[in-house]
>>> print(open('protein06.cif').read())   # mmCIF, C-alpha atoms
data_start
loop_
_atom_site.group_PDB
_atom_site.id
_atom_site.type_symbol
_atom_site.label_atom_id
_atom_site.label_comp_id
_atom_site.auth_asym_id
_atom_site.auth_seq_id
_atom_site.Cartn_x
_atom_site.Cartn_y
_atom_site.Cartn_z
ATOM 1 C CA MET A 1 0.000 0.000 0.000
ATOM 2 C CA LYS A 2 1.612 3.180 -1.196
ATOM 3 C CA LEU A 3 0.546 6.380 0.504
ATOM 4 C CA GLN A 4 0.459 9.646 -1.414
ATOM 5 C CA ILE A 5 -0.318 13.041 0.066
ATOM 6 C CA HIS A 6 -1.061 16.026 -2.123
ATOM 7 C CA PRO A 7 -3.131 19.214 -2.077
ATOM 8 C CA ILE A 8 -6.733 18.754 -3.123
ATOM 9 C CA GLY A 9 -9.311 21.223 -4.380
ATOM 10 C CA ASN A 10 -13.012 21.464 -5.102
ATOM 11 C CA SER A 11 -12.998 18.444 -7.410
ATOM 12 C CA TYR A 12 -12.447 16.318 -4.285
ATOM 13 C CA SER A 13 -15.248 17.889 -2.238
ATOM 14 C CA GLU A 14 -17.539 14.857 -2.448
ATOM 15 C CA GLN A 15 -14.827 12.422 -1.381
ATOM 16 C CA ALA A 16 -13.746 14.733 1.455
ATOM 17 C CA ILE A 17 -17.352 15.105 2.645
ATOM 18 C CA ASP A 18 -17.845 11.306 2.596
ATOM 19 C CA LEU A 19 -14.647 10.728 4.555
ATOM 20 C CA ILE A 20 -15.215 13.454 7.146
ATOM 21 C CA LEU A 21 -18.969 13.131 7.763
ATOM 22 C CA ASN A 22 -18.679 9.354 8.170
ATOM 23 C CA ILE A 23 -16.051 9.766 10.875
ATOM 24 C CA GLN A 24 -17.833 12.652 12.611
ATOM 25 C CA GLN A 25 -21.351 11.226 12.556
ATOM 26 C CA LYS A 26 -21.021 7.446 12.512
ATOM 27 C CA GLU A 27 -17.833 6.863 14.440
ATOM 28 C CA PHE A 28 -17.975 9.642 17.027
ATOM 29 C CA ASN A 29 -21.702 10.486 17.032
ATOM 30 C CA ILE A 30 -20.971 14.182 16.643
ATOM 31 C CA PRO A 31 -24.209 15.950 15.601
ATOM 32 C CA ILE A 32 -22.658 17.866 12.698
ATOM 33 C CA THR A 33 -23.788 18.078 9.083
ATOM 34 C CA ILE A 34 -22.434 19.466 5.831
ATOM 35 C CA LYS A 35 -24.461 22.635 6.542
ATOM 36 C CA ASP A 36 -22.194 23.185 9.556
ATOM 37 C CA GLN A 37 -19.078 22.869 7.371
ATOM 38 C CA PRO A 38 -19.665 24.794 4.125
ATOM 39 C CA ASP A 39 -15.864 25.013 3.724
ATOM 40 C CA LEU A 40 -15.933 21.443 2.382
ATOM 41 C CA LEU A 41 -17.974 22.621 -0.592
ATOM 42 C CA GLN A 42 -15.534 25.430 -1.379
ATOM 43 C CA ILE A 43 -12.110 24.066 -0.505
ATOM 44 C CA GLU A 44 -10.212 26.370 -2.849
ATOM 45 C CA SER A 45 -11.762 29.687 -1.801
ATOM 46 C CA PHE A 46 -11.883 28.821 1.900
ATOM 47 C CA TYR A 47 -8.395 27.320 2.278
ATOM 48 C CA THR A 48 -6.097 27.794 -0.709
ATOM 49 C CA GLU A 49 -6.923 31.327 -1.856
ATOM 50 C CA ALA A 50 -6.645 32.610 1.712
ATOM 51 C CA GLY A 51 -3.039 31.355 1.963
ATOM 52 C CA GLY A 52 -3.681 27.971 3.539
ATOM 53 C CA ASN A 53 -4.128 24.578 1.926
ATOM 54 C CA PHE A 54 -6.085 21.318 2.062
ATOM 55 C CA TRP A 55 -4.316 17.976 1.666
ATOM 56 C CA GLY A 56 -5.622 14.519 0.983
ATOM 57 C CA ALA A 57 -3.939 11.222 1.839
ATOM 58 C CA PHE A 58 -4.539 8.586 -0.803
ATOM 59 C CA VAL A 59 -3.972 4.870 -0.902
ATOM 60 C CA GLY A 60 -4.432 4.084 -4.565
ATOM 61 C CA ASP A 61 -7.396 6.209 -5.670
ATOM 62 C CA GLU A 62 -9.035 6.145 -2.256
ATOM 63 C CA LEU A 63 -9.055 9.263 -0.083
ATOM 64 C CA VAL A 64 -8.209 7.869 3.371
ATOM 65 C CA GLY A 65 -7.173 11.012 5.248
ATOM 66 C CA SER A 66 -7.270 14.787 5.242
ATOM 67 C CA ILE A 67 -5.788 17.831 6.921
ATOM 68 C CA ALA A 68 -6.318 21.505 6.217
ATOM 69 C CA LEU A 69 -4.736 24.785 7.162
ATOM 70 C CA VAL A 70 -6.706 28.010 7.549
ATOM 71 C CA LYS A 71 -4.351 30.967 7.459
ATOM 72 C CA PHE A 72 -6.075 33.506 9.689
ATOM 73 C CA ASP A 73 -3.281 35.971 10.370
ATOM 74 C CA GLU A 74 -0.011 37.072 8.788
ATOM 75 C CA ARG A 75 2.002 34.418 10.635
ATOM 76 C CA ALA A 76 -0.671 32.173 12.166
ATOM 77 C CA GLY A 77 -2.817 29.288 11.006
ATOM 78 C CA ALA A 78 -5.405 26.863 12.303
ATOM 79 C CA ILE A 79 -5.424 23.126 11.652
ATOM 80 C CA ARG A 80 -8.774 21.862 10.442
ATOM 81 C CA LYS A 81 -10.274 18.681 9.027
ATOM 82 C CA MET A 82 -7.652 16.276 10.406
ATOM 83 C CA PHE A 83 -9.253 12.888 9.755
ATOM 84 C CA VAL A 84 -8.017 9.412 8.910
ATOM 85 C CA LYS A 85 -10.317 6.500 8.039
ATOM 86 C CA LYS A 86 -10.479 4.045 10.918
ATOM 87 C CA GLU A 87 -8.973 1.109 9.022
ATOM 88 C CA PHE A 88 -5.991 3.253 7.981
ATOM 89 C CA ARG A 89 -5.111 4.594 11.442
ATOM 90 C CA GLY A 90 -2.180 3.561 13.565
ATOM 91 C CA LYS A 91 1.584 3.497 13.643
ATOM 92 C CA GLU A 92 2.006 1.044 10.737
ATOM 93 C CA LEU A 93 0.861 3.505 8.093
ATOM 94 C CA ASN A 94 1.459 6.653 10.171
ATOM 95 C CA ILE A 95 -0.919 8.648 7.949
ATOM 96 C CA ALA A 96 -1.867 11.242 10.584
ATOM 97 C CA GLN A 97 1.807 11.916 11.296
ATOM 98 C CA GLU A 98 2.611 12.229 7.584
ATOM 99 C CA LEU A 99 -0.297 14.643 7.090
ATOM 100 C CA LEU A 100 0.801 16.793 10.024
ATOM 101 C CA GLU A 101 4.394 16.898 8.754
ATOM 102 C CA VAL A 102 3.243 18.023 5.287
ATOM 103 C CA LEU A 103 1.219 20.825 6.910
ATOM 104 C CA ILE A 104 4.099 21.918 9.169
ATOM 105 C CA SER A 105 6.509 21.962 6.190
ATOM 106 C CA PHE A 106 4.039 24.158 4.314
ATOM 107 C CA CYS A 107 3.925 26.513 7.329
ATOM 108 C CA ARG A 108 7.717 26.739 7.474
ATOM 109 C CA GLU A 109 7.920 27.489 3.740
ATOM 110 C CA ASN A 110 5.202 30.132 4.009
ATOM 111 C CA GLY A 111 6.270 32.014 7.140
ATOM 112 C CA ILE A 112 3.552 30.682 9.430
ATOM 113 C CA ASP A 113 5.075 30.426 12.926
ATOM 114 C CA ASP A 114 2.071 29.674 15.085
ATOM 115 C CA LEU A 115 -0.358 26.819 14.646
ATOM 116 C CA TYR A 116 -3.581 26.510 16.607
ATOM 117 C CA LEU A 117 -6.355 23.978 16.633
ATOM 118 C CA GLY A 118 -9.550 23.123 18.372
ATOM 119 C CA THR A 119 -10.867 19.647 19.075
ATOM 120 C CA ILE A 120 -13.494 18.058 21.270
ATOM 121 C CA THR A 121 -13.316 16.155 24.524
ATOM 122 C CA VAL A 122 -14.448 12.823 23.054
ATOM 123 C CA LEU A 123 -11.518 12.711 20.616
ATOM 124 C CA LYS A 124 -9.002 11.387 23.146
ATOM 125 C CA ALA A 125 -6.682 9.798 20.570
ATOM 126 C CA ALA A 126 -6.496 13.107 18.699
ATOM 127 C CA GLN A 127 -5.493 14.914 21.893
ATOM 128 C CA ARG A 128 -2.751 12.360 22.601
ATOM 129 C CA PHE A 129 -1.546 12.678 19.008
ATOM 130 C CA TYR A 130 -1.218 16.479 19.225
ATOM 131 C CA GLU A 131 0.477 16.289 22.624
ATOM 132 C CA ARG A 132 3.003 13.754 21.275
ATOM 133 C CA ASN A 133 3.726 16.314 18.559
ATOM 134 C CA GLN A 134 4.591 19.064 21.075
ATOM 135 C CA PHE A 135 1.280 20.926 20.857
ATOM 136 C CA VAL A 136 0.490 22.642 24.157
ATOM 137 C CA LYS A 137 -3.043 22.776 25.522
ATOM 138 C CA ILE A 138 -4.258 26.357 25.960
ATOM 139 C CA GLU A 139 -7.392 27.968 27.331
ATOM 140 C CA LYS A 140 -9.986 29.282 24.897
ATOM 141 C CA GLU A 141 -9.388 32.805 26.266
ATOM 142 C CA ASN A 142 -5.752 32.589 25.100
ATOM 143 C CA LEU A 143 -6.611 31.972 21.445
ATOM 144 C CA PRO A 144 -5.776 34.809 19.045
ATOM 145 C CA ALA A 145 -8.706 37.151 18.386
ATOM 146 C CA LYS A 146 -8.891 36.092 14.716
ATOM 147 C CA PHE A 147 -8.847 32.323 15.418
ATOM 148 C CA PRO A 148 -11.705 30.742 13.427
ATOM 149 C CA LEU A 149 -13.702 29.064 16.193
ATOM 150 C CA MET A 150 -15.817 25.990 15.503
ATOM 151 C CA SER A 151 -18.818 25.776 17.811
ATOM 152 C CA ALA A 152 -18.221 22.118 18.756
ATOM 153 C CA ASP A 153 -14.605 22.619 19.863
ATOM 154 C CA ASP A 154 -13.933 22.716 23.587
ATOM 155 C CA ILE A 155 -10.208 21.894 23.792
ATOM 156 C CA PHE A 156 -7.520 24.021 22.174
ATOM 157 C CA TYR A 157 -3.857 23.596 21.320
ATOM 158 C CA HIS A 158 -0.962 25.763 20.147
ATOM 159 C CA LEU A 159 2.360 24.924 18.521
ATOM 160 C CA ASN A 160 5.115 27.408 17.865
ATOM 161 C CA ILE A 161 7.068 26.371 14.777
ATOM 162 C CA ASP A 162 10.727 27.371 14.946
#
>>> encode(input="protein06.cif", output="C-alpha cells")
Amino acid sequence: MKLQIHPIGNSYSEQAIDLILNIQQKEFNIPITIKDQPDLLQIESFYTEAGGNFWGAFVGDELVGSIALVKFDERAGAIRKMFVKKEFRGKELNIAQELLEVLISFCRENGIDDLYLGTITVLKAAQRFYERNQFVKIEKENLPAKFPLMSADDIFYHLNID
C-alpha cells in the first residue's frame, strides 16, 4: 500500500465530505452536518486562496485522510479537518503523522510560525496525538482574536514552529 499526500481542491469535495462526515457522525456520534461545514464545498476559496491549503492522503485512488490549514493571520494558522479512516489509522501507516508533517513543512515554507487547533473532549486519541507532537493545551481565552472558532470545539492547542 503506497501512501500519497497532495493538495486537493473542489474536485475532491464529495470524497472529502464522505470521509469526514462518516467519521464525525457514525464513528464519534458528533451531531454535525455538511451545513455546519460549508468550507468542504468550497475548498479552494476557503483554504487555498486565503493562503492555507487542504491535503488529501490517498492509498491508490481512495481518499483515506485529510488535513487543512486556515491561514487567519499574517504568521498564524489553524489546523482543520484532520481525519483518517479508521482502518488506515495507527503506527504502521502513520498517515496522521505524515499529514501533520506536510502541513508543518508548508507553514515553514510560508512564514507561518504559530499553529492553533480546536478539538473536542471525546476525541481522546487526537489529543494524545497532538500532545506527542509538542502541541500545548491552551485555554480558549488565550486563542488569538482572529482564530476561526468551531462551535463544537472545547479543547484548544498551540504549537510554535521554529
>>> resolve_selection(input="protein06.cif", expression="the PyMOL selection byres ((chain A and resi 17) around 12)", output="PDB file with C-alpha atoms, in the coordinates of the input")
ATOM      1  CA  ASN A  10     -13.012  21.464  -5.102  1.00  0.00           C
ATOM      2  CA  SER A  11     -12.998  18.444  -7.410  1.00  0.00           C
ATOM      3  CA  TYR A  12     -12.447  16.318  -4.285  1.00  0.00           C
ATOM      4  CA  SER A  13     -15.248  17.889  -2.238  1.00  0.00           C
ATOM      5  CA  GLU A  14     -17.539  14.857  -2.448  1.00  0.00           C
ATOM      6  CA  GLN A  15     -14.827  12.422  -1.381  1.00  0.00           C
ATOM      7  CA  ALA A  16     -13.746  14.733   1.455  1.00  0.00           C
ATOM      8  CA  ASP A  18     -17.845  11.306   2.596  1.00  0.00           C
ATOM      9  CA  LEU A  19     -14.647  10.728   4.555  1.00  0.00           C
ATOM     10  CA  ILE A  20     -15.215  13.454   7.146  1.00  0.00           C
ATOM     11  CA  LEU A  21     -18.969  13.131   7.763  1.00  0.00           C
ATOM     12  CA  ASN A  22     -18.679   9.354   8.170  1.00  0.00           C
ATOM     13  CA  ILE A  23     -16.051   9.766  10.875  1.00  0.00           C
ATOM     14  CA  GLN A  24     -17.833  12.652  12.611  1.00  0.00           C
ATOM     15  CA  GLN A  25     -21.351  11.226  12.556  1.00  0.00           C
ATOM     16  CA  ILE A  32     -22.658  17.866  12.698  1.00  0.00           C
ATOM     17  CA  THR A  33     -23.788  18.078   9.083  1.00  0.00           C
ATOM     18  CA  ILE A  34     -22.434  19.466   5.831  1.00  0.00           C
ATOM     19  CA  LYS A  35     -24.461  22.635   6.542  1.00  0.00           C
ATOM     20  CA  ASP A  36     -22.194  23.185   9.556  1.00  0.00           C
ATOM     21  CA  GLN A  37     -19.078  22.869   7.371  1.00  0.00           C
ATOM     22  CA  PRO A  38     -19.665  24.794   4.125  1.00  0.00           C
ATOM     23  CA  ASP A  39     -15.864  25.013   3.724  1.00  0.00           C
ATOM     24  CA  LEU A  40     -15.933  21.443   2.382  1.00  0.00           C
ATOM     25  CA  LEU A  41     -17.974  22.621  -0.592  1.00  0.00           C
ATOM     26  CA  GLN A  42     -15.534  25.430  -1.379  1.00  0.00           C
ATOM     27  CA  ILE A  43     -12.110  24.066  -0.505  1.00  0.00           C
ATOM     28  CA  GLY A  56      -5.622  14.519   0.983  1.00  0.00           C
ATOM     29  CA  LEU A  63      -9.055   9.263  -0.083  1.00  0.00           C
ATOM     30  CA  VAL A  64      -8.209   7.869   3.371  1.00  0.00           C
ATOM     31  CA  GLY A  65      -7.173  11.012   5.248  1.00  0.00           C
ATOM     32  CA  SER A  66      -7.270  14.787   5.242  1.00  0.00           C
ATOM     33  CA  LYS A  81     -10.274  18.681   9.027  1.00  0.00           C
ATOM     34  CA  PHE A  83      -9.253  12.888   9.755  1.00  0.00           C
TER      35      PHE A  83
END
>>> residues_near_point(input="protein06.cif", point="(2.7, 26.1, 18.6)", cutoff="10 Å", atoms="only C-alpha atoms", output="ChimeraX atom specification")
/A:76-77,113-117,133-137,157-162
>>> atom_distance(input="protein06.cif", atom1="atom CA of A:Gly52", atom2="atom CA of A:Arg80")
10.5 Å
>>> atom_distance(input="protein06.cif", atom1="atom CA of A:Gln4", atom2="atom CA of A:Glu101")
13.1 Å
>>> atom_distance(input="protein06.cif", atom1="atom CA of A:Ala145", atom2="atom CA of A:Phe72")
9.8 Å
>>> residues_around(input="protein06.cif", residues="A:Asp153", least_positions_apart="4", cutoff="10 Å", atoms="only C-alpha atoms", output="PyMOL selection string")
chain A and resi 117-121+140+149
>>> residues_around(input="protein06.cif", residues="A:Asp73", least_positions_apart="4", cutoff="9 Å", atoms="all atoms listed in the file", output="JSON, numbers by chain")
{"A": [77, 112, 146, 147]}
>>> closest_residue(input="protein06.cif", among="A:Cys107, A:Leu3, A:Ile67, A:Ala78", to="A:Trp55", atoms="only C-alpha atoms")
A:Ile67
>>> closest_residue(input="protein06.cif", among="A:Ala57, A:Glu62, A:Ala50, A:Asn110", to="A:Gln97", atoms="all atoms listed in the file")
A:Ala57
>>> closest_residue(input="protein06.cif", among="A:Glu109, A:Phe28, A:Leu143, A:Val59", to="A:Ile95", atoms="all atoms listed in the file")
A:Val59
